[in-house]
4 protein chains.
Amino acid sequence: MDKIKVTVWSEGLPESQPHAVKSYPNDINTAVADFLRNDPALEITVSSLNMDDCGLSQNLIDNTDVLVWWSHMYHDKVPDEAAERIVTAVLQRGMGLLILHSGLFSKIGTLLLGRCRAGGKYRECGERTRVWVINRAHPIAEGLENDWFDIEYDEMYGEPFGIPTPDDLIFVSWFQGGEVLRSGAAWNRGAGKIFYFQQGHEEFPVYSENKSVQKVITNAVKWLTPTHGPIPVERGEVDALEPIPDALFPERLERVRGKISKRPEPGKYRL
Amino acid sequence: MDKIKVTVWSEGLPESQPHAVKSYPNDINTAVADFLRNDPALEITVSSLNMDDCGLSQNLIDNTDVLVWWSHMYHDKVPDEAAERIVTAVLQRGMGLLILHSGLFSKIGTLLLGRCRAGGKYRECGERTRVWVINRAHPIAEGLENDWFDIEYDEMYGEPFGIPTPDDLIFVSWFQGGEVLRSGAAWNRGAGKIFYFQQGHEEFPVYSENKSVQKVITNAVKWLTPTHGPIPVERGEVDALEPIPDALFPERLERVRGKISKRPEPGKYRL
Amino acid sequence: MDKIKVTVWSEGLPESQPHAVKSYPNDINTAVADFLRNDPALEITVSSLNMDDCGLSQNLIDNTDVLVWWSHMYHDKVPDEAAERIVTAVLQRGMGLLILHSGLFSKIGTLLLGRCRAGGKYRECGERTRVWVINRAHPIAEGLENDWFDIEYDEMYGEPFGIPTPDDLIFVSWFQGGEVLRSGAAWNRGAGKIFYFQQGHEEFPVYSENKSVQKVITNAVKWLTPTHGPIPVERGEVDALEPIPDALFPERLERVRGKISKRPEPGKYRL
Amino acid sequence: MDKIKVTVWSEGLPESQPHAVKSYPNDINTAVADFLRNDPALEITVSSLNMDDCGLSQNLIDNTDVLVWWSHMYHDKVPDEAAERIVTAVLQRGMGLLILHSGLFSKIGTLLLGRCRAGGKYRECGERTRVWVINRAHPIAEGLENDWFDIEYDEMYGEPFGIPTPDDLIFVSWFQGGEVLRSGAAWNRGAGKIFYFQQGHEEFPVYSENKSVQKVITNAVKWLTPTHGPIPVERGEVDALEPIPDALFPERLERVRGKISKRPEPGKYRL
């Protein structure tokens with residue numbers, strides 16, 4: 001079986017910049033790539049904002065099955081064209097997208113899911129967070145030993161959290177300070193699948209040290225691998241599949257006749 | 001009870017412009033307003049792109065409980081600031097939004113629901129369309145006499161339709177030419193509710209002549225009336241509701257203490 | 001406007017019985033009825049297991065718009081026929097159903113939602129519970145002052161909670177002991193709406209003392225009021241709405257012709 | 001990799017019985033098993049109502065990863081204990097369940113999903129049915145060549161169809177006679193996944209002749225393979241994960257202390 005091509009992208013800015021990631025000397029992309037590399041089914045590429053093409057060239061996107069995305073302070077530095085490449089890859093080709101933590105508020109988050117920041121409370125004192133499994137039948141929960149796991153120090157995000165209603169709610173987090181969050185949520189958009197996982201923060205080395213978080217991210221990457229479902233062959237104005245004897249504008253049926261390039265051969269999909 | 005303030009907006013361009021709406025001599029906004037005015041609970045304002053502020057001034061939006069939106073050829077003529085006004089009103093204040101037909105592909109559609117046009121097949125020969133009720137418990141289906149209704153001539157949109165999974169699927173349409181569509185779908189976003197109804201096209205006088213379509217739109221406007229749920233009072237960094245004795249950065253708890261303006265008085269929400 | 005006819009049912013067994021409700025000298029039905037009576041739009045009937053017909057006669061159900069249900073220890077004492085009356089009223093007539101606390105595990109819970117007890121952890125030491133609003137656009141959250149409210153002492157139920165995925169998730173609870181729960185969830189079934197609210201326990205006087213809980217239950221009762229959507233007129237074998245010239249068994253089309261009692265008059269629902 | 005153990009069950013009654021399956025001389029279980037056997041990842045067992053233990057012995061269920069279920073006229077001949085075995089296997093162990101056609105109205109359908117027959121219109125004249133892909137990212141749509149496929153002769157079921165709102169809606173069918181149906185729907189329940197597929201009828205040899213239907217069923221069986229998520233270790237009354245200094249009944253905390261058999265070792269799931 002071919003390996004799953006995973007690109008792990010983060011902002012990767014130098015320490016001298018304000019808000020550079022502190023707990024990850026080689027940036028978050030490297031920290032995530034390091035444990036993903038332990039899985040022989042995955043082939044990992046590390047990419048970041050400070051590379052050519054912002055690390056999001058058309059060639060790289062075309063060769064990515066699953067994109068892992070972490071952004072925080074520099075959402076706006078991602079060019080519109082790069083965001084469009086990603087959005088198109090998800091919707092049309094089914095590239096999987098794993099959005100971590102604050103990446104939800106990036107251009108690609110908004111373009112794919114709509115404006116998410118209706119709420120927006122946070123606290124970064126480093127408190128205990130407990131992630132509860134809501135849907136234990138989901139492949140992303142595969143192999144977790146208990147129906148919850150703890151993160152000793154993490155950032156709080158709280159409800160009401162302005163995300164679109166998840167197509168599948170997999171985790172809800174309990175925070176020591178008294179809040180809850182739908183912290184693991186999946187959506188289908190077009191040909192693609194998206195998973196959002198809130199846990200992880202640039203000041204707490206959650207990605208490099210917490211085995212359960214690593215398990216969830218590894219599971220998610222595999223689940224996000226593109227399926228090869230049907231590509232809608234007809235775009236724009238299409239011919240009818242059934243006769244319409246009483247159409248108001250029958251001449252328009254003539255107009256589109258034969259425009260459909262790919263119709264099933266006679267009997268092919270028929271009983 | 002106060003009347004529900006409804007603003008009906010459409011492109012409203014002169015006939016001389018290409019693609020001007022043909023079946024509606026006074027534009028679609030007027031056609032929709034005409035039947036909505038029959039309901040004494042509603043107070044109707046008609047607005048359109050060719051008015052000052054594109055018919056979407058801050059003052060008008062502030063005085064709108066439910067916005068009915070029809071756009072087709074001039075999505076891009078709506079200024080970004082006007083789109084932002086609407087998006088903010090939906091997410092923060094709970095203004096209801098009824099999106100008709102091709103309005104889903106407008107700026108406000110994308111900002112609120114994400115990029116919808118993953119598919120996009122259509123046919124406008126004027127064929128019979130039958131709208132089936134999926135969720136007959138929903139207030140938008142209230143008073144419909146049968147579990148389906150017909151539209152003699154309408155435009156086809158077909159599945160797979162690139163909308164986000166509906167929070168509530170109320171109608172699915174059957175098309176004479178052989179397609180189906182999730183044609184009546186509702187979502188919650190932030191404080192607001194959104195309903196999309198696909199039926200209606202600028203060349204077929206569906207809005208002015210089909211009683212069932214009128215019933216659905218009237219029901220939808222009422223259902224979209226804002227609720228007065230809680231406004232999340234805390235934004236940004238917030239204090240904890242419970243003690244966190246073992247916080248990693250306890251000084252940050254001090255930092256936010258007292259920032260919260262509106263906390264329940266002692267015992268207020270307590271047992 | 002006619003008042004909404006609300007029946008509040010609970011087990012209502014004498015104190016001498018084991019597990020009789022302790023914090024409610026006149027049983028939970030009375031405690032809930034007491035605050036509902038403050039709303040002039042509601043007309044309240046109190047009913048319980050120890051009445052004739054187990055307090056669930058056909059006549060009472062026929063005269064109920066919304067049934068509030070609390071059961072715990074005597075699920076099995078509700079006769080199958082009584083459960084069927086309720087299920088039929090919900091599915092066919094759209095009677096609203098508010099299920100409180102452990103009532104989810106009753107016969108009607110299983111018949112309407114499927115077997116719910118896949119999980120089932122609890123703790124009744126009397127701990128602080130905080131109910132967070134997830135969907136602040138929902139009418140059930142109307143008028144809540146903050147985006148959360150506290151209950152000083154309540155019973156814990158924890159995730160993974162074996163309920164069917166909610167059609168609408170309105171509340172998630174945080175428990176002091178470290179768990180979370182999808183505690184306010186709504187479903188549509190047939191013509192009816194169902195709301196489950198976990199808060200409240202027979203040993204803690206939550207229903208009689210907590211104003212936010214009372215607000216939620218009052219809102220829920222109003223939201224559960226039946227809509228008058230279409231009743232599917234055709235049951236069993238039905239005639240086609242469109243010609244089927246190439247049917248395999250055309251004689252069967254003849255068989256059902258004329259069986260449909262209620263078809264729209266010509267043109268009625270046509271454009 | 002171990003093969004997926006699939007049991008295909010149908011009523012399998014002799015032709016002499018009324019309503020015996022007509023288009024399938026060796027019954028539907030054999031017809032489905034025949035094409036599933038082409039997939040080397042699957043190990044197939046055929047079972048039916050007329051075998052010992054109704055073909056649903058505890059031993060067989062224990063050795064089944066995915067159960068394919070077809071029942072129609074003899075729902076009631078399945079003993080309650082056999083139904084319970086299946087329900088338990090789905091909810092607790094995550095056995096996948098593929099329910100075909102009328103099997104939704106069986107005991108296991110009701111126990112897992114609730115009473116489904118709120119509607120119930122059908123027509124069996126043998127009409128053209130077109131199955132549209134709604135969610136093309138779903139593994140069940142993998143490898144379908146077009147975004148729709150046709151079945152030349154099939155039975156119609158129509159909306160409003162009394163199923164619980166699907167967790168995932170994958171197919172909607174268009175019927176020649178004018179109806180639509182949510183014909184491919186998935187749910188999660190407890191540890192298990194359920195897929196319902198409406199296509200197929202005892203009089204039309206859909207399962208043995210239609211390649212797309214075979215593809216969908218094969219995909220579904222693979223998707224239904226159990227995941228190995230966490231088993232909730234605590235049932236009944238559980239200890240708290242966090243201190244509750246102000247519990248109303250602190251002695252109850254003592255009561256359950258030490259009852260939890262499987263707690264994570266210190267630091268195991270901690271950062």
# chains A, B, ... in the order shown; residues from 1 in each chain; ligands from 1
>>> closest_atom_pairs(of="chain A", to="chain D", cutoff="6 Å", atoms="only C-alpha atoms", output="CSV")
residue,atom,partner,partner_atom,distance
A:Arg136,CA,D:Gly229,CA,5.3
A:Ala137,CA,D:Ala191,CA,4.7
A:Pro139,CA,D:Thr227,CA,5.9
A:Ala141,CA,D:Gly229,CA,5.2
A:Glu142,CA,D:Gly229,CA,4.2
A:Gly143,CA,D:Gly229,CA,5.3
A:Leu144,CA,D:Pro230,CA,5.3
A:Glu145,CA,D:Pro230,CA,5.3
A:Asn146,CA,D:Pro230,CA,5.0
A:Asp147,CA,D:Pro230,CA,5.2
A:Phe149,CA,D:Tyr269,CA,5.8
A:Asp150,CA,D:Arg270,CA,5.5
A:Ile151,CA,D:Leu271,CA,5.4
A:Glu152,CA,D:Leu271,CA,5.2
A:Ala191,CA,D:Ala137,CA,4.7
A:Gly192,CA,D:Ala137,CA,5.5
A:Glu209,CA,D:Leu271,CA,5.8
A:Asn210,CA,D:Leu271,CA,4.9
A:Thr227,CA,D:Glu142,CA,5.9
A:His228,CA,D:Glu142,CA,5.0
A:Gly229,CA,D:Glu142,CA,4.2
A:Pro230,CA,D:Asn146,CA,5.0
A:Pro232,CA,D:Asp147,CA,5.5
A:Tyr269,CA,D:Asp150,CA,5.7
A:Arg270,CA,D:Ile151,CA,5.4
A:Leu271,CA,D:Asn210,CA,5.0
>>> write_last_selection(atoms="C-alpha atoms", output="mmCIF file, in the first residue's frame")
data_model
loop_
_atom_site.group_PDB
_atom_site.id
_atom_site.type_symbol
_atom_site.label_atom_id
_atom_site.label_comp_id
_atom_site.auth_asym_id
_atom_site.auth_seq_id
_atom_site.Cartn_x
_atom_site.Cartn_y
_atom_site.Cartn_z
ATOM 1 C CA ARG A 136 -16.070 5.823 21.117
ATOM 2 C CA ALA A 137 -16.964 4.150 17.810
ATOM 3 C CA PRO A 139 -11.625 5.686 14.379
ATOM 4 C CA ALA A 141 -10.662 7.231 19.396
ATOM 5 C CA GLU A 142 -9.129 3.897 18.366
ATOM 6 C CA GLY A 143 -6.682 2.467 20.847
ATOM 7 C CA LEU A 144 -7.276 4.979 23.636
ATOM 8 C CA GLU A 145 -6.985 3.049 26.856
ATOM 9 C CA ASN A 146 -9.615 4.877 28.844
ATOM 10 C CA ASP A 147 -12.653 6.914 27.969
ATOM 11 C CA PHE A 149 -7.176 11.305 29.143
ATOM 12 C CA ASP A 150 -5.545 14.169 30.989
ATOM 13 C CA ILE A 151 -3.242 16.955 29.911
ATOM 14 C CA GLU A 152 -1.482 18.390 32.915
ATOM 15 C CA ALA A 191 -14.901 15.724 -1.276
ATOM 16 C CA GLY A 192 -12.891 16.273 1.889
ATOM 17 C CA GLU A 209 5.072 14.813 25.508
ATOM 18 C CA ASN A 210 1.461 13.659 25.779
ATOM 19 C CA THR A 227 -11.486 8.494 -0.106
ATOM 20 C CA HIS A 228 -11.934 8.116 -3.831
ATOM 21 C CA GLY A 229 -15.587 8.819 -4.179
ATOM 22 C CA PRO A 230 -17.288 9.924 -7.358
ATOM 23 C CA PRO A 232 -19.420 15.088 -9.953
ATOM 24 C CA TYR A 269 -25.364 0.958 -13.942
ATOM 25 C CA ARG A 270 -28.690 -0.530 -14.810
ATOM 26 C CA LEU A 271 -30.024 -3.651 -13.247
#
>>> select_by_dssp(residues="range 28-95 of chain A", states="strand (DSSP E)", output="list in words")
Leu42, Glu43, Ile44, Thr45, Val46, Ser47, Ser48, Val66, Leu67, Val68, Trp69 and Trp70 of chain A
>>> residues_around(residues="range 77-80 of chain B", least_positions_apart="6", cutoff="9 Å", atoms="only C-alpha atoms", output="ChimeraX atom specification")
/B:49,53-54,56,106-107
>>> write_last_selection(atoms="C-alpha atoms", output="mmCIF file, in the first residue's frame")
data_model
loop_
_atom_site.group_PDB
_atom_site.id
_atom_site.type_symbol
_atom_site.label_atom_id
_atom_site.label_comp_id
_atom_site.auth_asym_id
_atom_site.auth_seq_id
_atom_site.Cartn_x
_atom_site.Cartn_y
_atom_site.Cartn_z
ATOM 1 C CA LEU B 49 -28.543 46.894 -4.146
ATOM 2 C CA ASP B 53 -25.363 52.024 1.070
ATOM 3 C CA CYS B 54 -26.423 49.192 -1.250
ATOM 4 C CA LEU B 56 -27.674 47.619 3.707
ATOM 5 C CA SER B 106 -22.937 35.428 -1.992
ATOM 6 C CA LYS B 107 -20.306 36.923 0.314
#
>>> residues_around(residues="range 30-47 of chain D", least_positions_apart="2", cutoff="6 Å", atoms="only C-alpha atoms", output="list of chain:residue names")
D:Lys3, D:Ile4, D:Lys5, D:Val6, D:Thr7, D:Val8, D:Trp9, D:Asn26, D:Asp27, D:Ile28, D:Gly55, D:Ser208
>>> atom_distance(atom1="CA of Glu251 in chain B", atom2="CA of Arg123 in chain A")
11.8 Å
>>> residues_around(residues="range 68-75 of chain C", least_positions_apart="6", cutoff="6 Å", atoms="only C-alpha atoms", output="list in words")
Val8, Trp9, Ser10, Glu11, Leu98, Ile99, Leu100, Ser102, Gly103 and Ser106 of chain C
>>> closest_residue(among="A:Arg85, A:His101, A:His201, A:Lys22", to="Cys125 in chain A", atoms="only C-alpha atoms")
A:His201
